[in-house]
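K.L.:
Data file entry-v2.txt (compact mmCIF, C-alpha atoms) is appended below.
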# COMPACT_ATOMS: atom_id res chain seq x y z
CA MET A 1 -38.77 35.20 -88.71
CA ASN A 2 -36.69 37.04 -91.28
CA LYS A 3 -33.41 38.05 -89.64
CA LYS A 4 -31.89 39.69 -92.68
CA LYS A 5 -30.80 43.26 -92.00
CA GLN A 6 -32.76 45.61 -94.20
CA ILE A 7 -31.03 47.74 -96.80
CA VAL A 8 -32.51 51.17 -97.28
CA LEU A 9 -32.85 52.38 -100.87
CA VAL A 10 -33.61 56.05 -101.37
CA ASN A 11 -34.90 57.48 -104.65
CA LEU A 12 -36.50 60.90 -104.57
CA TRP A 13 -37.29 61.32 -108.27
CA GLY A 14 -40.13 60.48 -110.68
CA LEU A 15 -41.96 57.22 -111.28
CA GLY A 16 -39.91 56.31 -114.37
CA ASP A 17 -36.74 57.03 -112.45
CA LEU A 18 -37.53 54.18 -110.06
CA PHE A 19 -36.72 51.61 -112.72
CA PRO A 20 -32.92 51.92 -112.45
CA THR A 21 -33.43 51.12 -108.75
CA PHE A 22 -35.57 48.10 -109.65
CA HIS A 23 -32.73 47.12 -111.99
CA PHE A 24 -30.34 47.24 -109.02
CA ILE A 25 -32.72 45.09 -106.93
CA LYS A 26 -32.97 42.54 -109.76
CA LYS A 27 -29.20 42.23 -109.75
CA ASN A 28 -29.09 41.83 -105.94
CA LYS A 29 -32.05 39.62 -105.17
CA ASP A 30 -31.01 37.96 -101.94
CA LYS A 31 -31.49 41.00 -99.71
CA LYS A 32 -34.22 42.61 -97.70
CA TYR A 33 -35.05 46.10 -98.94
CA TYR A 34 -36.76 49.12 -97.49
CA PHE A 35 -37.57 51.56 -100.27
CA ILE A 36 -37.98 55.27 -99.51
CA THR A 37 -39.68 57.09 -102.37
CA THR A 38 -41.76 60.17 -103.02
CA GLN A 39 -44.10 58.18 -105.27
CA ASN A 40 -47.49 56.68 -104.51
CA LYS A 41 -47.15 53.48 -102.44
CA HIS A 42 -49.83 51.60 -104.37
CA ASP A 43 -48.22 52.45 -107.74
CA VAL A 44 -44.78 51.40 -106.58
CA GLU A 45 -46.00 48.13 -105.06
CA ASN A 46 -48.05 47.41 -108.17
CA LEU A 47 -45.00 47.94 -110.39
CA ILE A 48 -42.83 45.75 -108.16
CA GLU A 49 -45.37 42.96 -108.52
CA LEU A 50 -45.80 43.40 -112.29
CA ILE A 51 -42.09 43.24 -113.02
CA ASP A 52 -41.86 40.09 -110.91
CA LEU A 53 -39.70 41.53 -108.17
CA ASN A 54 -41.35 39.21 -105.68
CA LEU A 55 -38.76 39.88 -103.07
CA ASP A 56 -38.52 41.17 -99.58
CA ILE A 57 -39.28 44.84 -100.25
CA SER A 58 -41.30 47.24 -98.18
CA VAL A 59 -42.20 50.62 -99.63
CA SER A 60 -42.24 53.78 -97.62
CA PRO A 61 -43.70 56.69 -99.61
CA TYR A 62 -43.52 60.31 -98.53
CA LYS A 63 -44.76 63.48 -100.09
CA LYS A 64 -43.20 65.63 -97.39
CA LYS A 65 -39.44 66.13 -97.24
CA LEU A 66 -39.50 66.30 -93.47
CA LEU A 67 -40.91 62.76 -93.25
CA VAL A 68 -38.23 61.49 -95.64
CA ILE A 69 -35.56 63.04 -93.44
CA PHE A 70 -37.16 61.60 -90.31
CA ASP A 71 -37.31 58.11 -91.82
CA ILE A 72 -33.69 58.29 -92.94
CA PHE A 73 -32.59 59.36 -89.45
CA LYS A 74 -34.55 56.48 -87.98
CA ASN A 75 -32.61 54.12 -90.24
CA ILE A 76 -29.32 55.78 -89.29
CA LEU A 77 -30.13 55.09 -85.63
CA ASN A 78 -30.80 51.45 -86.56
CA ASN A 79 -27.39 51.40 -88.26
CA ASN A 80 -28.88 50.26 -91.57
CA LEU A 81 -27.03 50.49 -94.85
CA ILE A 82 -28.51 53.41 -96.81
CA ILE A 83 -28.08 53.55 -100.58
CA PHE A 84 -28.98 56.62 -102.58
CA THR A 85 -29.57 55.19 -106.04
CA ALA A 86 -29.35 56.87 -109.45
CA PRO A 87 -30.54 59.29 -110.57
CA LEU A 88 -28.96 61.35 -107.83
CA SER A 89 -28.24 64.97 -108.56
CA GLY A 90 -29.11 68.49 -107.45
CA LYS A 91 -30.46 69.03 -103.95
CA ALA A 92 -31.06 65.31 -103.43
CA ARG A 93 -27.35 64.69 -103.97
CA LYS A 94 -26.37 67.44 -101.53
CA PHE A 95 -28.73 65.97 -98.97
CA ALA A 96 -27.28 62.50 -99.53
CA ALA A 97 -23.74 63.87 -99.13
CA ILE A 98 -24.67 65.38 -95.75
CA ILE A 99 -26.17 62.08 -94.63
CA SER A 100 -23.04 60.19 -95.71
CA PHE A 101 -20.90 62.57 -93.61
CA PHE A 102 -22.75 61.54 -90.45
CA HIS A 103 -23.49 57.93 -91.32
CA LYS A 104 -20.62 55.91 -92.73
CA LYS A 105 -22.89 53.09 -93.88
CA THR A 106 -24.16 55.25 -96.73
CA ILE A 107 -23.56 54.69 -100.42
CA LEU A 108 -23.96 57.49 -102.92
CA VAL A 109 -24.15 56.37 -106.50
CA ASN A 110 -22.05 58.34 -108.98
CA GLU A 111 -23.75 61.24 -110.69
CA LYS A 112 -22.51 61.01 -114.26
CA GLY A 113 -23.27 58.17 -116.62
CA ASN A 114 -26.17 55.88 -117.46
CA MET A 115 -28.38 55.52 -114.39
CA TYR A 116 -28.96 51.79 -114.94
CA TYR A 117 -25.25 51.16 -115.26
CA LEU A 118 -24.47 53.36 -112.25
CA ASN A 119 -26.85 51.36 -110.08
CA GLU A 120 -25.49 48.09 -111.45
CA LYS A 121 -22.02 49.11 -110.25
CA ILE A 122 -23.11 49.67 -106.62
CA LYS A 123 -21.12 47.38 -104.36
CA MET A 124 -22.47 46.51 -100.94
CA HIS A 125 -19.86 45.56 -98.38
CA MET B 126 -46.32 43.09 -137.22
CA ASN B 127 -48.04 44.68 -134.21
CA ILE B 128 -46.71 48.04 -133.12
CA LEU B 129 -47.64 50.05 -130.07
CA ILE B 130 -47.08 53.81 -130.19
CA CYS B 131 -46.81 55.84 -126.98
CA PRO B 132 -46.66 59.50 -128.01
CA GLY B 133 -46.99 60.98 -124.53
CA SER B 134 -44.92 61.73 -121.47
CA ALA B 135 -45.80 63.24 -118.12
CA GLU B 136 -47.63 66.55 -118.40
CA ASP B 137 -44.79 68.47 -116.75
CA GLN B 138 -42.31 66.82 -119.13
CA LYS B 139 -44.03 67.59 -122.41
CA PHE B 140 -40.76 68.89 -123.75
CA LYS B 141 -39.64 65.28 -124.10
CA ARG B 142 -42.36 64.46 -126.61
CA TRP B 143 -41.58 63.94 -130.26
CA PRO B 144 -43.94 66.28 -132.17
CA ILE B 145 -47.39 64.79 -132.57
CA LEU B 146 -47.39 65.50 -136.32
CA ASN B 147 -44.29 63.33 -136.64
CA PHE B 148 -46.09 60.51 -134.86
CA ILE B 149 -49.06 60.88 -137.21
CA GLU B 150 -46.76 60.76 -140.23
CA LEU B 151 -44.96 57.73 -138.83
CA ILE B 152 -48.25 55.93 -138.20
CA ASP B 153 -49.43 56.66 -141.77
CA LYS B 154 -46.22 55.17 -143.14
CA LEU B 155 -46.48 52.10 -140.93
CA LYS B 156 -50.09 51.56 -141.99
CA LEU B 157 -49.09 51.80 -145.65
CA LYS B 158 -46.85 48.82 -144.96
CA ASP B 159 -49.83 47.00 -143.43
CA TYR B 160 -48.49 47.09 -139.90
CA ASN B 161 -51.05 46.86 -137.17
CA VAL B 162 -50.69 50.04 -135.13
CA GLN B 163 -52.21 50.90 -131.79
CA VAL B 164 -51.77 54.05 -129.70
CA VAL B 165 -51.65 54.23 -125.94
CA LEU B 166 -52.22 57.44 -123.98
CA GLY B 167 -51.91 58.09 -120.28
CA PRO B 168 -54.57 59.70 -118.08
CA GLU B 169 -53.02 63.15 -118.56
CA GLU B 170 -52.76 62.70 -122.32
CA ASN B 171 -56.34 61.95 -123.32
CA TYR B 172 -56.61 65.27 -125.12
CA LEU B 173 -54.12 63.91 -127.67
CA SER B 174 -56.55 61.21 -128.81
CA LYS B 175 -58.22 63.58 -131.30
CA ASN B 176 -55.01 63.35 -133.35
CA PHE B 177 -55.49 59.61 -133.78
CA SER B 178 -59.16 59.46 -134.72
CA LYS B 179 -58.64 56.70 -137.30
CA LEU B 180 -56.92 54.44 -134.85
CA LYS B 181 -57.83 52.40 -131.85
CA VAL B 182 -56.55 54.46 -128.94
CA ILE B 183 -56.12 52.95 -125.48
CA ASN B 184 -56.77 55.58 -122.84
CA SER B 185 -55.70 55.51 -119.21
CA ALA B 186 -54.86 51.81 -119.05
CA SER B 187 -53.76 50.36 -115.75
CA PHE B 188 -50.20 49.11 -115.32
CA ASN B 189 -51.53 45.57 -115.52
CA ASP B 190 -53.43 46.31 -118.75
CA LEU B 191 -50.29 47.85 -120.22
CA LYS B 192 -48.34 44.73 -119.33
CA ILE B 193 -50.90 42.54 -121.13
CA ILE B 194 -51.26 44.85 -124.15
CA SER B 195 -47.50 45.16 -124.59
CA SER B 196 -47.06 41.38 -124.49
CA GLN B 197 -49.01 41.19 -127.75
CA LYS B 198 -46.77 43.69 -129.58
CA ASP B 199 -43.67 43.13 -131.64
CA LEU B 200 -42.38 46.66 -131.16
CA ILE B 201 -43.13 49.61 -128.91
CA ILE B 202 -42.20 53.14 -129.95
CA CYS B 203 -42.15 55.77 -127.22
CA ASN B 204 -40.56 58.92 -125.91
CA ASP B 205 -38.11 59.09 -123.02
CA SER B 206 -40.87 58.46 -120.50
CA PHE B 207 -42.20 56.24 -117.76
CA LEU B 208 -43.52 53.79 -120.38
CA MET B 209 -40.08 53.42 -121.93
CA HIS B 210 -38.67 52.30 -118.58
CA PHE B 211 -41.68 50.12 -117.77
CA PHE B 212 -41.77 48.24 -121.07
CA CYS B 213 -38.02 47.75 -121.09
CA MET B 214 -38.15 46.31 -117.58
CA LEU B 215 -40.79 43.88 -118.85
CA GLY B 216 -38.35 42.80 -121.56
CA ARG B 217 -40.33 44.23 -124.48
CA LYS B 218 -38.71 45.39 -127.68
CA VAL B 219 -38.63 49.18 -127.32
CA LEU B 220 -37.54 51.93 -129.67
CA ALA B 221 -37.07 55.14 -127.69
CA LEU B 222 -37.19 58.53 -129.37
CA TYR B 223 -34.89 61.05 -127.74
CA GLY B 224 -34.98 64.78 -128.27
CA PRO B 225 -33.83 67.17 -125.58
CA THR B 226 -32.76 64.62 -122.98
CA ILE B 227 -29.55 62.63 -123.01
CA SER B 228 -29.98 59.01 -124.03
CA SER B 229 -26.64 57.95 -122.59
CA ARG B 230 -27.99 58.92 -119.17
CA THR B 231 -31.46 57.38 -119.12
CA LEU B 232 -31.60 54.67 -121.80
CA PRO B 233 -32.42 51.23 -120.36
CA PRO B 234 -29.88 48.50 -121.21
CA ASN B 235 -32.18 46.59 -123.57
CA ALA B 236 -33.71 49.57 -125.42
CA HIS B 237 -33.01 50.82 -128.91
CA LYS B 238 -32.98 54.54 -129.57
CA ILE B 239 -33.18 57.21 -132.22
CA GLU B 240 -32.04 60.72 -131.35
CA ASP B 241 -33.81 63.53 -133.16
CA ARG B 242 -32.53 66.79 -131.77
CA GLY B 243 -34.00 68.77 -134.64
CA SER B 244 -37.66 68.06 -133.97
CA ILE B 245 -37.88 68.75 -130.28
CA LYS B 246 -37.08 72.03 -128.59
CA LYS B 247 -33.89 71.67 -126.62
CA LYS B 248 -34.10 72.15 -122.92
CA THR B 249 -31.12 72.03 -120.62
CA LEU B 250 -32.40 69.47 -118.18
CA LEU B 251 -30.98 66.13 -117.21
CA GLY B 252 -34.28 64.59 -118.11
CA HIS B 253 -35.76 64.13 -114.71
CA LYS B 254 -38.71 65.48 -112.89
CA LYS B 255 -37.41 67.46 -109.93
CA LEU B 256 -39.19 66.34 -106.84
CA TRP B 257 -36.62 67.13 -104.26
The structure in this file should be written as structure tokens.
P.N.:
Amino acid sequence: MNKKKQIVLVNLWGLGDLFPTFHFIKKNKDKKYYFITTQNKHDVENLIELIDLNLDISVSPYKKKLLVIFDIFKNILNNNLIIFTAPLSGKARKFAAIISFFHKKTILVNEKGNMYYLNEKIKMH
Amino acid sequence: MNILICPGSAEDQKFKRWPILNFIELIDKLKLKDYNVQVVLGPEENYLSKNFSKLKVINSASFNDLKIISSQKDLIICNDSFLMHFFCMLGRKVLALYGPTISSRTLPPNAHKIEDRGSIKKKTLLGHKKLW
């Protein structure tokens, strides 16, 4: 049984924008990830396989904002680390900031700069 | 030398595309130098194939097909698009053409870029599809 605590990655942008998050995962391979995205589950899982990210990742796709919020709250209750990866701007950033106010185990990536580099700089404590 | 050209981008991000006439001109010049050129178009970009009638155009390939096709290429030329990120993540040699979006924000670490602000209409967006 895998006893590793899951780390929640949240990316609410387009399909191409998932790659900076994959880049982060590649740099931090020894973790168990739970990926919240608004993209198609099959597409995301297919990409994860094709880029050889054969790691412990489960994908949770949502088209409805309410379900995303519900899933994030569920992870807050489980006291999981939640990371909002780059790109993170606009309403998604505001939402992430509200979450981080209530849940201290939240990481918000910086807004300005190269999104691959920003994700690379994320430090998990 | 085998070159793959990806002239598209998502339908709601057409503003990121280098003008199609520029791609045609580029392809003509590459062919004059005897380079082997192939074009790939996504499912929403099939209508662009009429512009490349003299070439072998790959339409609506799966991610897996794209992985295989790209492994046989020496260089991939594309817009700031999903394919740019995908091919870079696969470790391919990619030349990204940037117009209205900011390369310093989205360029993958191993990609090369050319910025051509003159050819593409500027649009004040960060370069991301807003989903949220």
K.L.:
At most 8 Å from (-39.7, 46.1, -124.8), file frame, all atoms listed in the file: which residues, as a JSON list (two decimals) with C-alpha atoms, in the coordinates of the input?
P.N.:
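The resulting file, result_32.json, is reproduced below:
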[["chain", "number", "residue", "atom", "x", "y", "z"],
["B", 195, "SER", "CA", -47.50, 45.16, -124.59],
["B", 200, "LEU", "CA", -42.38, 46.66, -131.16],
["B", 201, "ILE", "CA", -43.13, 49.61, -128.91],
["B", 209, "MET", "CA", -40.08, 53.42, -121.93],
["B", 212, "PHE", "CA", -41.77, 48.24, -121.07],
["B", 213, "CYS", "CA", -38.02, 47.75, -121.09],
["B", 214, "MET", "CA", -38.15, 46.31, -117.58],
["B", 215, "LEU", "CA", -40.79, 43.88, -118.85],
["B", 216, "GLY", "CA", -38.35, 42.80, -121.56],
["B", 217, "ARG", "CA", -40.33, 44.23, -124.48],
["B", 218, "LYS", "CA", -38.71, 45.39, -127.68],
["B", 219, "VAL", "CA", -38.63, 49.18, -127.32],
["B", 220, "LEU", "CA", -37.54, 51.93, -129.67],
["B", 235, "ASN", "CA", -32.18, 46.59, -123.57],
["B", 236, "ALA", "CA", -33.71, 49.57, -125.42]]
K.L.:
Please build the interface table for stretch 160-237 of chain B against stretch 24-44 of chain A with a cut-off of 12 Å, listing for each qualifying residue the nearest atom pair and the distance in Å to one decimal; count only C-alpha atoms, order rows by chain and increasing number, and write it as a tab-separated table.
P.N.:
residue	atom	partner	partner_atom	distance
B:Ser187	CA	A:Asp43	CA	10.0
B:Phe188	CA	A:Asp43	CA	8.5
B:Asn189	CA	A:Asp43	CA	10.9
B:Phe211	CA	A:Val44	CA	11.7
B:Met214	CA	A:Lys26	CA	10.1
K.L.:
Store the residues picked out above, limited to C-alpha atoms, as a PDB file, keeping the file's coordinate frame.
P.N.:
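In the end it all went to result.pdb:
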ATOM      1  CA  SER B 187     -53.760  50.360-115.750  1.00  0.00           C
ATOM      2  CA  PHE B 188     -50.200  49.110-115.320  1.00  0.00           C
ATOM      3  CA  ASN B 189     -51.530  45.570-115.520  1.00  0.00           C
ATOM      4  CA  PHE B 211     -41.680  50.120-117.770  1.00  0.00           C
ATOM      5  CA  MET B 214     -38.150  46.310-117.580  1.00  0.00           C
TER       6      MET B 214
END
K.L.:
Using all atoms listed in the file, select each residue of chain A with any atom at most 7 Å away from an atom of chain B, and give the selection as a list in words.
P.N.:
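Output check: Leu12, Trp13, Gly14, Leu15, Gly16, Phe19, Leu50, Ile51, Lys91, Ala92, Gly113, Asn114, Met115 and Tyr116 of chain A.
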K.L.:
The selected residues should be written to file as an mmCIF file, in the coordinates of the input (atoms: C-alpha atoms).
P.N.:
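The resulting file, selection-v8.cif, is reproduced below:
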data_model
loop_
_atom_site.group_PDB
_atom_site.id
_atom_site.type_symbol
_atom_site.label_atom_id
_atom_site.label_comp_id
_atom_site.auth_asym_id
_atom_site.auth_seq_id
_atom_site.Cartn_x
_atom_site.Cartn_y
_atom_site.Cartn_z
ATOM 1 C CA LEU A 12 -36.500 60.900 -104.570
ATOM 2 C CA TRP A 13 -37.290 61.320 -108.270
ATOM 3 C CA GLY A 14 -40.130 60.480 -110.680
ATOM 4 C CA LEU A 15 -41.960 57.220 -111.280
ATOM 5 C CA GLY A 16 -39.910 56.310 -114.370
ATOM 6 C CA PHE A 19 -36.720 51.610 -112.720
ATOM 7 C CA LEU A 50 -45.800 43.400 -112.290
ATOM 8 C CA ILE A 51 -42.090 43.240 -113.020
ATOM 9 C CA LYS A 91 -30.460 69.030 -103.950
ATOM 10 C CA ALA A 92 -31.060 65.310 -103.430
ATOM 11 C CA GLY A 113 -23.270 58.170 -116.620
ATOM 12 C CA ASN A 114 -26.170 55.880 -117.460
ATOM 13 C CA MET A 115 -28.380 55.520 -114.390
ATOM 14 C CA TYR A 116 -28.960 51.790 -114.940
#
K.L.:
Contacts of A:Asn80 at 9 Å or less, counting only C-alpha atoms, minus same-chain residues fewer than 2 places along, as a PyMOL selection string?
P.N.:
chain A and resi 5-8+75-78+82+105-106
K.L.:
Can you measure atom CA of A:Phe22 to atom CA of A:Ser60 for me? One decimal in Å is fine.
P.N.:
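Spanning atom CA of A:Phe22 to atom CA of A:Ser60 is a straight-line distance of 14.9 Å.
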K.L.:
What's the 10 Å shell around A:Ile107, counting only C-alpha atoms, without same-chain residues fewer than 2 positions away, as a list in words?
P.N.:
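Selected residues are Leu9, Leu81, Ile82, Ile83, Phe84, Thr85, Ala96, Ala97, Ile99, Ser100, His103, Lys104, Lys105, Val109, Asn110, Ile122, Lys123 and Met124 of chain A.
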K.L.:
Counting all atoms listed in the file, which residues come within 12 Å of (-56.0, 49.9, -137.4), with the point read in the file's coordinates, and could you list them as a list in words?
P.N.:
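Residues satisfying the cut-off, written out: Met126, Asn127, Ile128, Leu129, Ile152, Asp153, Leu155, Lys156, Leu157, Lys158, Asp159, Tyr160, Asn161, Val162, Gln163, Val164, Phe177, Ser178, Lys179, Leu180, Lys181 and Val182 of chain B.
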K.L.:
Have a look at B:Ile202, B:Leu173, B:Ala221, B:Leu191 and name the one nearest to B:Leu146; count all atoms listed in the file.
P.N.:
B:Leu173
K.L.:
Compare A:Lys112, A:Asn119, A:Asp17, A:Val68 by their minimum atom-to-atom distance to A:Phe95, counting only C-alpha atoms, and give me the closest one.
P.N.:
A:Val68
K.L.:
Can you pull out the residues contacting stretch 165-168 of chain B? Cut-off 8 Å, using all atoms listed in the file, and skip same-chain residues under 2 positions away; I want them as a PyMOL selection string.
P.N.:
chain B and resi 129-134+163+170-171+173-174+182-186
K.L.:
Could you tell me how far atom CA of A:Val59 sits from atom CA of A:Glu45, in Å to one decimal place?
P.N.:
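Value for the atom CA of A:Glu45-atom CA of A:Val59 distance: 7.1 Å.
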K.L.:
Would you work out the distance separating atom CA of A:Arg93 from atom CA of A:Glu111, expressed in Å to one decimal?
P.N.:
8.4 Å
K.L.:
Might I get the box with edges along x, y and z of the file that holds all atoms of stretch 44-59 of chain A listed there, padded by 6 Å on every side, given as centre and edge lengths in Å to one decimal, as JSON?
P.N.:
{"center_x": -43.3, "center_y": 45.3, "center_z": -105.6, "size_x": 21.5, "size_y": 24.2, "size_z": 26.8}
K.L.:
Which residue, A:Lys4, A:Leu88, A:Asp56, A:Pro61, has the smallest gap to A:Leu118 when you use all atoms listed in the file?
P.N.:
A:Leu88
K.L.:
Please reconstruct the missing atoms of stretch 40-52 of chain A (target: N, CA and C atoms) and return them as a short mmCIF file (atom, residue, chain, number, x, y, z; two decimals), in the frame of the given file.
P.N.:
data_model
loop_
_atom_site.label_atom_id
_atom_site.label_comp_id
_atom_site.auth_asym_id
_atom_site.auth_seq_id
_atom_site.Cartn_x
_atom_site.Cartn_y
_atom_site.Cartn_z
N ASN A 40 -46.33 57.33 -105.12
CA ASN A 40 -47.49 56.68 -104.51
C ASN A 40 -47.19 55.21 -104.17
N LYS A 41 -47.47 54.84 -102.93
CA LYS A 41 -47.15 53.48 -102.44
C LYS A 41 -47.81 52.40 -103.29
N HIS A 42 -49.09 52.60 -103.60
CA HIS A 42 -49.83 51.60 -104.37
C HIS A 42 -49.20 51.41 -105.75
N ASP A 43 -48.85 52.52 -106.40
CA ASP A 43 -48.22 52.45 -107.74
C ASP A 43 -46.91 51.69 -107.67
N VAL A 44 -46.10 52.03 -106.68
CA VAL A 44 -44.78 51.40 -106.58
C VAL A 44 -44.92 49.90 -106.29
N GLU A 45 -45.80 49.55 -105.38
CA GLU A 45 -46.00 48.13 -105.06
C GLU A 45 -46.57 47.37 -106.25
N ASN A 46 -47.47 48.02 -106.97
CA ASN A 46 -48.05 47.41 -108.17
C ASN A 46 -46.96 47.14 -109.21
N LEU A 47 -46.09 48.11 -109.41
CA LEU A 47 -45.00 47.94 -110.39
C LEU A 47 -44.06 46.83 -109.96
N ILE A 48 -43.74 46.79 -108.68
CA ILE A 48 -42.83 45.75 -108.16
C ILE A 48 -43.41 44.36 -108.45
N GLU A 49 -44.71 44.25 -108.28
CA GLU A 49 -45.37 42.96 -108.52
C GLU A 49 -45.37 42.62 -110.03
N LEU A 50 -45.69 43.64 -110.85
CA LEU A 50 -45.80 43.40 -112.29
C LEU A 50 -44.48 43.03 -112.95
N ILE A 51 -43.39 43.58 -112.42
CA ILE A 51 -42.09 43.24 -113.02
C ILE A 51 -41.45 42.04 -112.32
N ASP A 52 -42.28 41.34 -111.55
CA ASP A 52 -41.86 40.09 -110.91
C ASP A 52 -40.69 40.25 -109.95
#
